[in-house]
file structure.csv (CSV, N, CA and C atoms)
chain,number,residue,atom,x,y,z
A,1,MET,N,-45.8,49.5,8.9
A,1,MET,CA,-45.9,50.7,8.1
A,1,MET,C,-44.7,51.6,8.4
A,2,GLY,N,-44.0,51.9,7.3
A,2,GLY,CA,-42.8,52.7,7.6
A,2,GLY,C,-42.8,54.0,6.8
A,3,PRO,N,-41.7,54.8,7.0
A,3,PRO,CA,-41.5,56.0,6.3
A,3,PRO,C,-41.7,55.9,4.8
A,4,GLY,N,-42.5,56.8,4.2
A,4,GLY,CA,-42.7,56.8,2.7
A,4,GLY,C,-44.0,56.1,2.4
A,5,TYR,N,-44.6,55.2,3.3
A,5,TYR,CA,-45.8,54.5,3.0
A,5,TYR,C,-46.9,55.5,2.8
A,6,VAL,N,-47.8,55.4,1.8
A,6,VAL,CA,-48.9,56.3,1.6
A,6,VAL,C,-50.2,55.5,2.0
A,7,LEU,N,-50.9,56.1,3.0
A,7,LEU,CA,-52.1,55.5,3.5
A,7,LEU,C,-53.3,56.1,2.8
A,8,ASN,N,-54.2,55.3,2.3
A,8,ASN,CA,-55.4,55.7,1.6
A,8,ASN,C,-55.2,56.8,0.5
A,9,GLY,N,-54.0,56.7,-0.1
A,9,GLY,CA,-53.7,57.6,-1.2
A,9,GLY,C,-53.6,59.1,-0.7
A,10,ARG,N,-53.5,59.3,0.6
A,10,ARG,CA,-53.5,60.7,1.1
A,10,ARG,C,-52.5,61.0,2.1
A,11,TYR,N,-52.1,60.1,3.0
A,11,TYR,CA,-51.2,60.4,4.1
A,11,TYR,C,-49.9,59.7,3.9
A,12,LYS,N,-48.9,60.4,3.7
A,12,LYS,CA,-47.5,59.9,3.5
A,12,LYS,C,-46.8,59.8,4.9
A,13,ILE,N,-46.6,58.6,5.3
A,13,ILE,CA,-46.0,58.5,6.7
A,13,ILE,C,-44.5,59.0,6.7
A,14,ARG,N,-44.2,59.8,7.7
A,14,ARG,CA,-42.9,60.2,8.0
A,14,ARG,C,-42.2,59.3,9.0
A,15,ARG,N,-42.8,59.1,10.2
A,15,ARG,CA,-42.2,58.3,11.2
A,15,ARG,C,-43.2,58.0,12.3
A,16,VAL,N,-42.9,57.1,13.1
A,16,VAL,CA,-43.7,56.7,14.3
A,16,VAL,C,-43.5,57.7,15.4
A,17,LEU,N,-44.6,58.2,16.0
A,17,LEU,CA,-44.5,59.0,17.1
A,17,LEU,C,-44.7,58.3,18.4
A,18,GLY,N,-45.5,57.2,18.4
A,18,GLY,CA,-45.7,56.4,19.6
A,18,GLY,C,-46.5,55.2,19.3
A,19,GLU,N,-46.3,54.2,20.2
A,19,GLU,CA,-47.0,52.9,20.1
A,19,GLU,C,-47.7,52.7,21.5
A,20,GLY,N,-48.9,52.4,21.4
A,20,GLY,CA,-49.6,52.1,22.7
A,20,GLY,C,-50.3,50.7,22.7
A,21,GLY,N,-51.1,50.5,23.7
A,21,GLY,CA,-51.8,49.2,23.9
A,21,GLY,C,-52.9,49.0,22.9
A,22,MET,N,-53.4,50.2,22.3
A,22,MET,CA,-54.5,50.1,21.4
A,22,MET,C,-54.2,50.5,20.0
A,23,ALA,N,-53.2,51.4,19.8
A,23,ALA,CA,-53.0,52.0,18.5
A,23,ALA,C,-51.6,52.5,18.4
A,24,ASN,N,-51.2,52.8,17.1
A,24,ASN,CA,-49.9,53.4,16.8
A,24,ASN,C,-50.2,54.8,16.2
A,25,VAL,N,-49.3,55.7,16.6
A,25,VAL,CA,-49.5,57.1,16.1
A,25,VAL,C,-48.3,57.5,15.2
A,26,TYR,N,-48.6,58.1,14.1
A,26,TYR,CA,-47.6,58.4,13.1
A,26,TYR,C,-47.6,59.9,12.8
A,27,LEU,N,-46.5,60.5,12.5
A,27,LEU,CA,-46.4,61.8,11.9
A,27,LEU,C,-46.5,61.5,10.4
A,28,ALA,N,-47.3,62.3,9.7
A,28,ALA,CA,-47.5,62.1,8.2
A,28,ALA,C,-47.7,63.4,7.6
A,29,ASP,N,-47.6,63.4,6.3
A,29,ASP,CA,-48.0,64.6,5.4
A,29,ASP,C,-49.3,64.3,4.8
A,30,ASP,N,-50.2,65.2,4.9
A,30,ASP,CA,-51.5,65.2,4.2
A,30,ASP,C,-51.2,65.7,2.7
A,31,LEU,N,-51.3,64.8,1.8
A,31,LEU,CA,-50.9,65.1,0.4
A,31,LEU,C,-51.9,66.0,-0.3
A,32,ILE,N,-53.1,66.1,0.2
A,32,ILE,CA,-54.1,66.9,-0.3
A,32,ILE,C,-54.1,68.3,0.2
A,33,LEU,N,-53.9,68.4,1.6
A,33,LEU,CA,-53.9,69.7,2.2
A,33,LEU,C,-52.5,70.3,2.3
A,34,ASN,N,-51.5,69.5,2.0
A,34,ASN,CA,-50.1,69.9,2.0
A,34,ASN,C,-49.7,70.4,3.4
A,35,ARG,N,-49.9,69.6,4.4
A,35,ARG,CA,-49.6,70.0,5.8
A,35,ARG,C,-49.3,68.7,6.6
A,36,PRO,N,-48.5,68.9,7.7
A,36,PRO,CA,-48.2,67.7,8.5
A,36,PRO,C,-49.5,67.4,9.4
A,37,VAL,N,-49.7,66.1,9.6
A,37,VAL,CA,-50.8,65.7,10.4
A,37,VAL,C,-50.3,64.5,11.3
A,38,THR,N,-51.1,64.1,12.3
A,38,THR,CA,-50.9,62.9,13.0
A,38,THR,C,-51.9,61.9,12.6
A,39,VAL,N,-51.5,60.6,12.5
A,39,VAL,CA,-52.5,59.6,12.0
A,39,VAL,C,-52.4,58.5,13.1
A,40,LYS,N,-53.5,58.1,13.6
A,40,LYS,CA,-53.6,57.1,14.6
A,40,LYS,C,-54.3,55.8,14.0
A,41,ILE,N,-53.6,54.7,14.1
A,41,ILE,CA,-54.1,53.5,13.5
A,41,ILE,C,-54.3,52.4,14.5
A,42,LEU,N,-55.5,51.9,14.6
A,42,LEU,CA,-55.8,50.8,15.5
A,42,LEU,C,-55.0,49.6,15.2
A,43,ARG,N,-54.5,48.9,16.3
A,43,ARG,CA,-53.6,47.7,16.1
A,43,ARG,C,-54.4,46.6,15.3
A,44,LEU,N,-53.8,45.9,14.5
A,44,LEU,CA,-54.4,44.8,13.7
A,44,LEU,C,-55.1,43.8,14.6
A,45,ASP,N,-54.6,43.4,15.7
A,45,ASP,CA,-55.2,42.4,16.5
A,45,ASP,C,-56.5,42.9,17.2
A,46,LEU,N,-56.7,44.2,17.2
A,46,LEU,CA,-57.9,44.8,17.8
A,46,LEU,C,-59.0,45.2,16.8
A,47,GLN,N,-58.7,45.1,15.5
A,47,GLN,CA,-59.6,45.6,14.5
A,47,GLN,C,-60.9,44.8,14.4
A,48,ASN,N,-61.0,43.6,14.9
A,48,ASN,CA,-62.2,42.8,14.9
A,48,ASN,C,-62.9,42.8,16.3
A,49,ASP,N,-62.4,43.5,17.2
A,49,ASP,CA,-63.0,43.5,18.6
A,49,ASP,C,-64.0,44.7,18.7
A,50,PRO,N,-65.3,44.4,18.8
A,50,PRO,CA,-66.3,45.5,18.9
A,50,PRO,C,-66.0,46.5,20.0
A,51,ALA,N,-65.6,46.1,21.1
A,51,ALA,CA,-65.4,47.1,22.2
A,51,ALA,C,-64.2,48.0,21.9
A,52,SER,N,-63.2,47.5,21.3
A,52,SER,CA,-62.0,48.3,20.9
A,52,SER,C,-62.4,49.3,19.8
A,53,LEU,N,-63.2,48.8,18.8
A,53,LEU,CA,-63.7,49.6,17.7
A,53,LEU,C,-64.5,50.8,18.2
A,54,ARG,N,-65.4,50.5,19.2
A,54,ARG,CA,-66.3,51.6,19.8
A,54,ARG,C,-65.4,52.6,20.5
A,55,ARG,N,-64.5,52.1,21.2
A,55,ARG,CA,-63.6,53.1,22.0
A,55,ARG,C,-62.8,53.9,21.0
A,56,PHE,N,-62.2,53.3,20.0
A,56,PHE,CA,-61.4,54.0,19.0
A,56,PHE,C,-62.3,55.1,18.3
A,57,HIS,N,-63.5,54.7,17.9
A,57,HIS,CA,-64.4,55.6,17.2
A,57,HIS,C,-64.8,56.8,18.1
A,58,ARG,N,-65.1,56.5,19.4
A,58,ARG,CA,-65.5,57.5,20.4
A,58,ARG,C,-64.3,58.5,20.6
A,59,GLU,N,-63.1,58.0,20.7
A,59,GLU,CA,-61.9,58.8,20.8
A,59,GLU,C,-61.8,59.7,19.6
A,60,ALA,N,-61.9,59.1,18.4
A,60,ALA,CA,-61.8,59.9,17.2
A,60,ALA,C,-62.8,61.0,17.1
A,61,MET,N,-64.0,60.7,17.5
A,61,MET,CA,-65.1,61.7,17.4
A,61,MET,C,-64.9,62.9,18.4
A,62,SER,N,-64.2,62.6,19.5
A,62,SER,CA,-63.9,63.6,20.5
A,62,SER,C,-62.9,64.6,20.0
A,63,LEU,N,-62.1,64.2,19.0
A,63,LEU,CA,-61.1,65.1,18.5
A,63,LEU,C,-61.5,66.0,17.3
A,64,THR,N,-62.7,65.7,16.8
A,64,THR,CA,-63.1,66.4,15.6
A,64,THR,C,-64.1,67.5,16.0

call {"tool": "encode", "arguments": {"input": "structure.csv", "output": "structure tokens"}}
result
Amino acid sequence: MGPGYVLNGRYKIRRVLGEGGMANVYLADDLILNRPVTVKILRLDLQNDPASLRRFHREAMSLT
């Protein structure tokens, strides 16, 4: 996923902020709210791992 890619019709990726063992984090523009946001995406190789999905979901819920 590179600069200019639009995720879910809403988030336009600007650049990678970081890459970790579980996910990648991107700086993006929210095309609906017209503001910069960060987007964290679980790595493809972990998307079918139930433990990784639970951890990722738990982390996301702690931020909202």

call {"tool": "closest_residue", "arguments": {"input": "structure.csv", "among": "A:Met22, A:Gly2, A:Asn8, A:Asp30", "to": "A:Arg43", "atoms": "only C-alpha atoms"}}
result
A:Met22

call {"tool": "closest_residue", "arguments": {"input": "structure.csv", "among": "A:His57, A:Ala51, A:Gly4, A:Tyr11", "to": "A:Ile32", "atoms": "all atoms listed in the file"}}
result
A:Tyr11

call {"tool": "residues_near_point", "arguments": {"input": "structure.csv", "point": "(-44.5, 61.6, 7.5)", "cutoff": "6.5 Å", "atoms": "only N, CA and C atoms", "output": "MDAnalysis selection string"}}
result
chainID A and resid 3:4 12:15 26:29

call {"tool": "closest_residue", "arguments": {"input": "structure.csv", "among": "A:Asn24, A:Met1, A:Phe56, A:Gly18", "to": "A:Lys40", "atoms": "all atoms listed in the file"}}
result
A:Asn24

call {"tool": "atom_distance", "arguments": {"input": "structure.csv", "atom1": "atom CA of A:Leu17", "atom2": "atom CA of A:Leu42"}}
result
14.1 Å

call {"tool": "atom_distance", "arguments": {"input": "structure.csv", "atom1": "atom CA of A:Leu44", "atom2": "atom CA of A:Leu63"}}
result
21.9 Å

call {"tool": "closest_residue", "arguments": {"input": "structure.csv", "among": "A:Asp45, A:Glu59, A:Leu31, A:Arg54", "to": "A:Gly9", "atoms": "all atoms listed in the file"}}
result
A:Leu31

call {"tool": "atom_distance", "arguments": {"input": "structure.csv", "atom1": "atom C of A:Arg10", "atom2": "atom CA of A:Asn48"}}
result
24.3 Å

call {"tool": "axis_aligned_box", "arguments": {"input": "structure.csv", "around": "stretch 31-49 of chain A", "padding_each_side": "4 Å", "output": "JSON"}}
result
{"center_x": -56.1, "center_y": 56.4, "center_z": 9.2, "size_x": 23.8, "size_y": 36.0, "size_z": 27.0}

call {"tool": "select_by_dssp", "arguments": {"input": "structure.csv", "residues": "chain A", "states": "alpha helix (DSSP H)", "output": "ChimeraX atom specification"}}
result
/A:50-63

call {"tool": "select_by_dssp", "arguments": {"input": "structure.csv", "residues": "chain A", "states": "strand (DSSP E)", "output": "PyMOL selection string"}}
result
chain A and resi 6-7+11-19+23-30+35-42

call {"tool": "residues_around", "arguments": {"input": "structure.csv", "residues": "A:Arg55", "least_positions_apart": "5", "cutoff": "12 Å", "atoms": "only C-alpha atoms", "output": "list in words"}}
result
Met22, Ala23, Leu42, Leu46, Gln47, Asp49, Pro50, Ala60, Met61 and Ser62 of chain A
